[in-house]
Amino acid sequence: MGSFRGRATTWLLAVATALGLALTGVGVAAPAQAAAKVAAPLPDRTYVLSSYYGPRCMPIAGSSTYHQGQDFGASKGTAVRAIAPGTVSRAGSVRGFGEWVVIDHSTGGERFSSLYAHLVDGTKHVKKGQKVKRGQRIGDVGSTGTSTSPHLHLEIWQGGYPGGSTVDPLSFMKSRGVDLRSLSTRNYARTTPSSCKYFTTAKVNMRSGPGESYQVLRTPQPNVVIKGKPGAGSGDWRQVTRNGRSGWIHKNYLSPGYTSQGTRYTLSSLNLRAKASTSSKVKRTIPADAQVTMLRGLKGSWQRVRYGGQNGWVSAQHISDTRDGAQVVRNTSGNTYSWVRPSTLQLREGPSTSTAKVVTLKRDQRVRHLATMKNGWLKVKHGGKTGYVATRYLTSNRP
Ligand SMILES: [Zn+2]
């Protein structure tokens with residue numbers, strides 16, 4: 001990014017100058033300009049404007065869909081300064097914001113608060129109750145709380161925090177003489193997408209309203225695609241759609257990315273391979289009904305998993321979401337087969353040894369998976385007959 005810095009700065013100054021002239025030219029007044037003198041929260045040219053105030057898609061699992069502040073991407077340790085004189089009302093750490101400082105201001109007849117989040121240490125430079133000057137260092141840029149990289153999240157609360165309401169920090173500061181856009185090294189595009197794409201992070205209830213007391217409409221599996229609109233939600237709940245039907249899901253179960261962690265169960269014994277191919281080395285054989293951990297990676301019909309401390313690839317058609325109860329075998333686009341391991345195996349009418357025998361299967365005979373499994377029993381078809389076999393007697397490896 002260093003090589004672009006000079007050019008971007010020159011361009012931004014030109015734009016800022018043009019805007020300034022245009023505003024003066026049409027005689028737009030800035031009534032609050034004299035009301036409060038403010039200082040930039042970060043030194044000039046140390047930050048980029050990354051995420052703006054307003055509706056947005058959740059940038060990280062469990063985050064807000066309405067951005068109440070302005071994000072400044074900056075190096076860890078960059079000095080964070082009080083934007084106006086005031087009294088520290090909070091200094092320490094809190095869930096979500098991480099290490100934070102809040103300052104109450106009463107300047108030029110105006111009451112407002114400034115909130116600085118994701119700091120390295122909220123109590124390193126100031127204490128609760130302490131009076132600070134405009135421009136005084138009150139923290140260091142960090143990445144604590146719900147954050148993916150070092151940045152300052154700044155909120156302005158008109159009327160004070162938490163009783164007042166947030167305003168756009170960029171326009172608040174600009175109307176008081178500090179144009180943060182012209183003091184940055186780069187400004188990311190300010191766009192709001194029409195729709196957000198999320199994935200469920202776990203098997204989760206989608207409800208008819210924003211709370212646990214509302215009716216459960218459906219229960220999507222992990223890593224199912226959910227759509228939402230920027231800003232659509234209430235408190236900790238997000239208003240979303242799944243296959244065109246709308247409902248509400250708690251924010252903690254929605255993520256902008258695929259969740260690699262999760263447990264699956266093997267439908268038969270199967271090989272853990274070094275690569276996504278039947279010709280690659282077998283690292284080990286995983287027994288039927290074993291728990292495997294999902295890892296990021298799906299190639300054709302191969303899923304990357306972890307088992308017994310080893311990472312590798314297995315046939316995605318032979319792992320399942322749950323151990324018990326009705327479930328859908330994954331990748332139902334094609335038929336899934338397993339082979340009989342013992343010399344003889346009874347195909348039974350139901351998922352229990354107490355049910356009647358349908359037919360006796362022999363070693364290496366092939367059975368086709370049907371859609372359901374119960375308590376380690378899989379419904380299969382062989383030679384036109386349908387019945388149940390215990391999955392531990394099946395293997396996914398063709399003899
Ligand atoms: Zn932010």
# chains A, B, ... in the order shown; residues from 1 in each chain; ligands from 1
$ residues_around --residues "Arg296 in chain A" --least-positions-apart "3" --cutoff "12 Å" --atoms "only C-alpha atoms" --output "list in words"
Asn223, Gly257, Tyr258, Thr259, Ser260, Gln261, Gly262, Thr293, Lys299, Trp302, Gln303, Arg304, Val305, Arg306, Asn311, Gly312 and Trp313 of chain A
$ write_last_selection --atoms "C-alpha atoms" --output "CSV table (one decimal), in the first residue's frame"
chain,number,residue,atom,x,y,z
A,223,ASN,CA,-23.5,-23.6,6.8
A,257,GLY,CA,-18.3,-16.9,5.9
A,258,TYR,CA,-18.5,-20.7,6.0
A,259,THR,CA,-17.9,-22.2,9.4
A,260,SER,CA,-15.3,-24.9,9.0
A,261,GLN,CA,-15.7,-26.3,12.5
A,262,GLY,CA,-18.4,-28.7,13.2
A,293,THR,CA,-14.4,-32.5,12.6
A,299,LYS,CA,-13.6,-30.7,-3.7
A,302,TRP,CA,-14.5,-34.9,-1.2
A,303,GLN,CA,-14.7,-33.2,2.2
A,304,ARG,CA,-11.7,-32.2,4.2
A,305,VAL,CA,-11.9,-33.4,7.9
A,306,ARG,CA,-9.9,-34.0,11.0
A,311,ASN,CA,-6.3,-34.0,8.7
A,312,GLY,CA,-7.3,-35.5,5.4
A,313,TRP,CA,-10.1,-36.1,2.8
$ residues_around --residues "range 376-390 of chain A" --least-positions-apart "6" --cutoff "9 Å" --atoms "only C-alpha atoms" --output "list in words"
Leu267, Ser268, Ala288, Asp289, Arg323, Asp324, Tyr337, Leu345, Gln346, Leu347, Arg348, Glu349, Gly350, Pro351, Ser352, Lys357, Val358, Val359, Leu361, Gln365, Arg366, Val367, Arg368, His369 and Leu370 of chain A
$ residues_near_ligand --ligand "ligand 1" --cutoff "10 Å" --atoms "only C-alpha atoms and all ligand atoms" --output "PDB file with N, CA, C and O atoms, in the first residue's frame"
ATOM      1  N   SER A  50     -12.293   2.827   6.641  1.00  0.00           N
ATOM      2  CA  SER A  50     -12.582   1.488   6.128  1.00  0.00           C
ATOM      3  C   SER A  50     -14.071   1.169   6.110  1.00  0.00           C
ATOM      4  O   SER A  50     -14.620   0.811   5.081  1.00  0.00           O
ATOM      5  N   SER A  51     -14.757   1.315   7.228  1.00  0.00           N
ATOM      6  CA  SER A  51     -16.185   0.980   7.266  1.00  0.00           C
ATOM      7  C   SER A  51     -16.940   2.173   7.841  1.00  0.00           C
ATOM      8  O   SER A  51     -16.547   2.731   8.855  1.00  0.00           O
ATOM      9  N   TYR A  52     -18.025   2.528   7.155  1.00  0.00           N
ATOM     10  CA  TYR A  52     -18.711   3.781   7.467  1.00  0.00           C
ATOM     11  C   TYR A  52     -19.954   3.577   8.333  1.00  0.00           C
ATOM     12  O   TYR A  52     -20.454   2.467   8.475  1.00  0.00           O
ATOM     13  N   TYR A  53     -20.429   4.687   8.859  1.00  0.00           N
ATOM     14  CA  TYR A  53     -21.652   4.713   9.674  1.00  0.00           C
ATOM     15  C   TYR A  53     -22.867   4.358   8.804  1.00  0.00           C
ATOM     16  O   TYR A  53     -22.968   4.824   7.681  1.00  0.00           O
ATOM     17  N   PRO A  59     -20.038  -7.861   9.208  1.00  0.00           N
ATOM     18  CA  PRO A  59     -18.705  -8.154   8.687  1.00  0.00           C
ATOM     19  C   PRO A  59     -18.063  -9.368   9.348  1.00  0.00           C
ATOM     20  O   PRO A  59     -17.075  -9.899   8.872  1.00  0.00           O
ATOM     21  N   SER A  63     -21.751  -9.796  14.735  1.00  0.00           N
ATOM     22  CA  SER A  63     -21.599  -8.336  14.747  1.00  0.00           C
ATOM     23  C   SER A  63     -22.906  -7.646  14.370  1.00  0.00           C
ATOM     24  O   SER A  63     -23.895  -8.281  14.041  1.00  0.00           O
ATOM     25  N   SER A  64     -22.842  -6.309  14.397  1.00  0.00           N
ATOM     26  CA  SER A  64     -24.029  -5.495  14.152  1.00  0.00           C
ATOM     27  C   SER A  64     -24.291  -5.363  12.653  1.00  0.00           C
ATOM     28  O   SER A  64     -23.376  -5.421  11.841  1.00  0.00           O
ATOM     29  N   TYR A  66     -26.126  -2.683  11.681  1.00  0.00           N
ATOM     30  CA  TYR A  66     -26.184  -1.227  11.527  1.00  0.00           C
ATOM     31  C   TYR A  66     -24.933  -0.698  12.214  1.00  0.00           C
ATOM     32  O   TYR A  66     -24.781  -0.831  13.431  1.00  0.00           O
ATOM     33  N   HIS A  67     -24.035  -0.138  11.444  1.00  0.00           N
ATOM     34  CA  HIS A  67     -22.781   0.312  12.014  1.00  0.00           C
ATOM     35  C   HIS A  67     -23.001   1.650  12.700  1.00  0.00           C
ATOM     36  O   HIS A  67     -23.308   2.635  12.044  1.00  0.00           O
ATOM     37  N   GLN A  68     -22.849   1.659  14.011  1.00  0.00           N
ATOM     38  CA  GLN A  68     -23.138   2.862  14.803  1.00  0.00           C
ATOM     39  C   GLN A  68     -21.963   3.822  14.840  1.00  0.00           C
ATOM     40  O   GLN A  68     -22.041   4.857  15.496  1.00  0.00           O
ATOM     41  N   GLY A  69     -20.871   3.456  14.177  1.00  0.00           N
ATOM     42  CA  GLY A  69     -19.695   4.320  14.240  1.00  0.00           C
ATOM     43  C   GLY A  69     -18.925   4.345  12.940  1.00  0.00           C
ATOM     44  O   GLY A  69     -19.394   3.868  11.912  1.00  0.00           O
ATOM     45  N   GLN A  70     -17.738   4.895  13.023  1.00  0.00           N
ATOM     46  CA  GLN A  70     -16.832   4.967  11.880  1.00  0.00           C
ATOM     47  C   GLN A  70     -15.589   4.160  12.221  1.00  0.00           C
ATOM     48  O   GLN A  70     -15.066   4.284  13.330  1.00  0.00           O
ATOM     49  N   ASP A  71     -15.147   3.327  11.279  1.00  0.00           N
ATOM     50  CA  ASP A  71     -13.920   2.552  11.480  1.00  0.00           C
ATOM     51  C   ASP A  71     -12.740   3.217  10.784  1.00  0.00           C
ATOM     52  O   ASP A  71     -12.849   3.648   9.629  1.00  0.00           O
ATOM     53  N   PHE A  72     -11.638   3.253  11.510  1.00  0.00           N
ATOM     54  CA  PHE A  72     -10.373   3.785  10.982  1.00  0.00           C
ATOM     55  C   PHE A  72      -9.359   2.661  11.050  1.00  0.00           C
ATOM     56  O   PHE A  72      -8.914   2.294  12.132  1.00  0.00           O
ATOM     57  N   GLY A  73      -9.002   2.108   9.909  1.00  0.00           N
ATOM     58  CA  GLY A  73      -7.947   1.091   9.882  1.00  0.00           C
ATOM     59  C   GLY A  73      -6.607   1.764  10.144  1.00  0.00           C
ATOM     60  O   GLY A  73      -6.298   2.776   9.525  1.00  0.00           O
ATOM     61  N   PHE A  97     -17.023  -4.491  22.070  1.00  0.00           N
ATOM     62  CA  PHE A  97     -16.096  -3.376  21.848  1.00  0.00           C
ATOM     63  C   PHE A  97     -14.679  -3.709  22.311  1.00  0.00           C
ATOM     64  O   PHE A  97     -13.736  -3.025  21.938  1.00  0.00           O
ATOM     65  N   TYR A 116     -14.550   5.112  21.963  1.00  0.00           N
ATOM     66  CA  TYR A 116     -13.389   4.599  21.234  1.00  0.00           C
ATOM     67  C   TYR A 116     -13.246   3.111  21.579  1.00  0.00           C
ATOM     68  O   TYR A 116     -13.025   2.764  22.740  1.00  0.00           O
ATOM     69  N   ALA A 117     -13.349   2.242  20.556  1.00  0.00           N
ATOM     70  CA  ALA A 117     -13.371   0.800  20.832  1.00  0.00           C
ATOM     71  C   ALA A 117     -12.232   0.046  20.151  1.00  0.00           C
ATOM     72  O   ALA A 117     -11.586   0.567  19.244  1.00  0.00           O
ATOM     73  N   HIS A 118     -12.036  -1.201  20.601  1.00  0.00           N
ATOM     74  CA  HIS A 118     -11.015  -2.150  20.107  1.00  0.00           C
ATOM     75  C   HIS A 118      -9.586  -1.679  20.433  1.00  0.00           C
ATOM     76  O   HIS A 118      -8.642  -2.004  19.708  1.00  0.00           O
ATOM     77  N   THR A 146     -14.883  -7.748  19.181  1.00  0.00           N
ATOM     78  CA  THR A 146     -15.308  -8.282  17.886  1.00  0.00           C
ATOM     79  C   THR A 146     -14.625  -7.495  16.777  1.00  0.00           C
ATOM     80  O   THR A 146     -15.125  -6.476  16.323  1.00  0.00           O
ATOM     81  N   SER A 147     -13.469  -7.960  16.379  1.00  0.00           N
ATOM     82  CA  SER A 147     -12.654  -7.232  15.407  1.00  0.00           C
ATOM     83  C   SER A 147     -11.748  -8.212  14.685  1.00  0.00           C
ATOM     84  O   SER A 147     -11.293  -9.187  15.269  1.00  0.00           O
ATOM     85  N   HIS A 151      -8.027  -1.597  14.292  1.00  0.00           N
ATOM     86  CA  HIS A 151      -8.752  -0.409  13.823  1.00  0.00           C
ATOM     87  C   HIS A 151      -9.374   0.293  15.007  1.00  0.00           C
ATOM     88  O   HIS A 151      -9.594  -0.304  16.062  1.00  0.00           O
ATOM     89  N   LEU A 152      -9.640   1.582  14.817  1.00  0.00           N
ATOM     90  CA  LEU A 152     -10.400   2.337  15.820  1.00  0.00           C
ATOM     91  C   LEU A 152     -11.851   2.404  15.369  1.00  0.00           C
ATOM     92  O   LEU A 152     -12.126   2.742  14.220  1.00  0.00           O
ATOM     93  N   HIS A 153     -12.736   2.060  16.273  1.00  0.00           N
ATOM     94  CA  HIS A 153     -14.171   2.242  16.026  1.00  0.00           C
ATOM     95  C   HIS A 153     -14.586   3.435  16.877  1.00  0.00           C
ATOM     96  O   HIS A 153     -14.473   3.401  18.097  1.00  0.00           O
ATOM     97  N   LEU A 154     -15.029   4.495  16.215  1.00  0.00           N
ATOM     98  CA  LEU A 154     -15.414   5.730  16.917  1.00  0.00           C
ATOM     99  C   LEU A 154     -16.917   5.955  16.798  1.00  0.00           C
ATOM    100  O   LEU A 154     -17.468   5.931  15.691  1.00  0.00           O
ATOM    101  N   GLU A 155     -17.565   6.156  17.933  1.00  0.00           N
ATOM    102  CA  GLU A 155     -18.987   6.507  17.923  1.00  0.00           C
ATOM    103  C   GLU A 155     -19.166   7.877  18.555  1.00  0.00           C
ATOM    104  O   GLU A 155     -18.466   8.224  19.507  1.00  0.00           O
TER     105      GLU A 155
END
$ closest_residue --among "A:Pro85, A:Gly129, A:Gly96, A:Pro150" --to "Gly108 in chain A" --atoms "only C-alpha atoms"
A:Pro85
$ residues_around --residues "range 188-201 of chain A" --least-positions-apart "5" --cutoff "8 Å" --atoms "only C-alpha atoms" --output "list of chain:residue names"
A:Val48, A:Leu49, A:Ser50, A:Ser51, A:Tyr52, A:Pro55, A:Arg56, A:Cys57, A:Met58, A:Pro220, A:Gln221, A:Pro222, A:Asn223, A:Val224, A:Val225, A:Ile226, A:Lys227, A:Gly228, A:Lys229, A:Pro230, A:Asn252, A:Tyr253, A:Leu254, A:Ser255, A:Pro256, A:Gly257, A:Tyr258, A:Thr259
$ select_by_dssp --residues "range 102-315 of chain A" --states "helix (DSSP H, G or I)" --output "PyMOL selection string"
chain A and resi 169-174+251-253
$ write_last_selection --atoms "N, CA, C and O atoms" --output "mmCIF file, in the first residue's frame"
data_model
loop_
_atom_site.group_PDB
_atom_site.id
_atom_site.type_symbol
_atom_site.label_atom_id
_atom_site.label_comp_id
_atom_site.auth_asym_id
_atom_site.auth_seq_id
_atom_site.Cartn_x
_atom_site.Cartn_y
_atom_site.Cartn_z
ATOM 1 N N PRO A 169 -20.063 9.994 12.585
ATOM 2 C CA PRO A 169 -18.883 10.735 13.072
ATOM 3 C C PRO A 169 -18.243 11.618 11.999
ATOM 4 O O PRO A 169 -17.749 12.699 12.313
ATOM 5 N N LEU A 170 -18.265 11.174 10.733
ATOM 6 C CA LEU A 170 -17.618 11.968 9.685
ATOM 7 C C LEU A 170 -18.312 13.312 9.498
ATOM 8 O O LEU A 170 -17.664 14.360 9.448
ATOM 9 N N SER A 171 -19.656 13.304 9.428
ATOM 10 C CA SER A 171 -20.350 14.584 9.234
ATOM 11 C C SER A 171 -20.329 15.425 10.511
ATOM 12 O O SER A 171 -20.235 16.652 10.456
ATOM 13 N N PHE A 172 -20.373 14.746 11.670
ATOM 14 C CA PHE A 172 -20.285 15.476 12.951
ATOM 15 C C PHE A 172 -18.961 16.244 13.025
ATOM 16 O O PHE A 172 -18.929 17.437 13.342
ATOM 17 N N MET A 173 -17.878 15.546 12.711
ATOM 18 C CA MET A 173 -16.549 16.163 12.800
ATOM 19 C C MET A 173 -16.382 17.236 11.720
ATOM 20 O O MET A 173 -15.816 18.301 11.972
ATOM 21 N N LYS A 174 -16.900 16.943 10.532
ATOM 22 C CA LYS A 174 -16.709 17.888 9.421
ATOM 23 C C LYS A 174 -17.409 19.220 9.706
ATOM 24 O O LYS A 174 -16.858 20.291 9.441
ATOM 25 N N LYS A 251 -28.132 -13.213 16.169
ATOM 26 C CA LYS A 251 -26.902 -12.777 15.488
ATOM 27 C C LYS A 251 -25.715 -13.712 15.704
ATOM 28 O O LYS A 251 -24.839 -13.820 14.855
ATOM 29 N N ASN A 252 -25.684 -14.394 16.845
ATOM 30 C CA ASN A 252 -24.536 -15.252 17.151
ATOM 31 C C ASN A 252 -24.470 -16.491 16.265
ATOM 32 O O ASN A 252 -23.474 -17.199 16.279
ATOM 33 N N TYR A 253 -25.555 -16.762 15.526
ATOM 34 C CA TYR A 253 -25.584 -17.957 14.679
ATOM 35 C C TYR A 253 -25.492 -17.618 13.205
ATOM 36 O O TYR A 253 -25.775 -18.452 12.360
#
$ select_by_dssp --residues "range 32-272 of chain A" --states "strand (DSSP E)" --output "NGL selection string"
:A and (47-49 or 54-55 or 66-67 or 70-74 or 79-81 or 86-94 or 98-107 or 110-119 or 131-132 or 137-140 or 151-158 or 165-167 or 186-187 or 196-200 or 206-207 or 216-218 or 225-234 or 237-242 or 245-250 or 254-255 or 263-266 or 270-272)
$ atom_distance --atom1 "CA of Gly145 in chain A" --atom2 "CA of Thr78 in chain A"
17.4 Å
$ atom_distance --atom1 "CA of Arg341 in chain A" --atom2 "CA of Ala274 in chain A"
23.4 Å
$ residues_around --residues "His250 in chain A" --least-positions-apart "2" --cutoff "10 Å" --atoms "only C-alpha atoms" --output "MDAnalysis selection string"
chainID A and resid 62 204:207 210:212 233:239 248 252:254
$ atom_distance --atom1 "CA of Thr336 in chain A" --atom2 "CA of Thr353 in chain A"
23.7 Å
$ residues_around --residues "Ser165 in chain A" --least-positions-apart "3" --cutoff "12 Å" --atoms "only C-alpha atoms" --output "PyMOL selection string"
chain A and resi 68-69+111-114+155-162+168-169
$ closest_residue --among "A:Ser354, A:Pro399, A:Ile319, A:Ile286" --to "Trp339 in chain A" --atoms "only C-alpha atoms"
A:Pro399
$ closest_residue --among "A:Gly92, A:Glu110, A:Thr185, A:Lys127" --to "Pro43 in chain A" --atoms "only C-alpha atoms"
A:Thr185
$ closest_residue --among "A:Pro342, A:Pro41, A:Gly139, A:Gly231" --to "Asp179 in chain A" --atoms "only C-alpha atoms"
A:Pro41
$ closest_residue --among "A:Thr266, A:Gly297, A:Val102, A:Gly54" --to "Ser89 in chain A" --atoms "only C-alpha atoms"
A:Val102
$ residues_around --residues "Lys131 in chain A" --least-positions-apart "6" --cutoff "7 Å" --atoms "only C-alpha atoms" --output "PyMOL selection string"
chain A and resi 86-88
$ write_last_selection --atoms "C-alpha atoms" --output "short mmCIF file (atom, residue, chain, number, x, y, z; two decimals), in the first residue's frame"
data_model
loop_
_atom_site.label_atom_id
_atom_site.label_comp_id
_atom_site.auth_asym_id
_atom_site.auth_seq_id
_atom_site.Cartn_x
_atom_site.Cartn_y
_atom_site.Cartn_z
CA GLY A 86 -14.30 16.09 28.67
CA THR A 87 -14.54 13.52 31.45
CA VAL A 88 -13.86 9.79 31.03
#
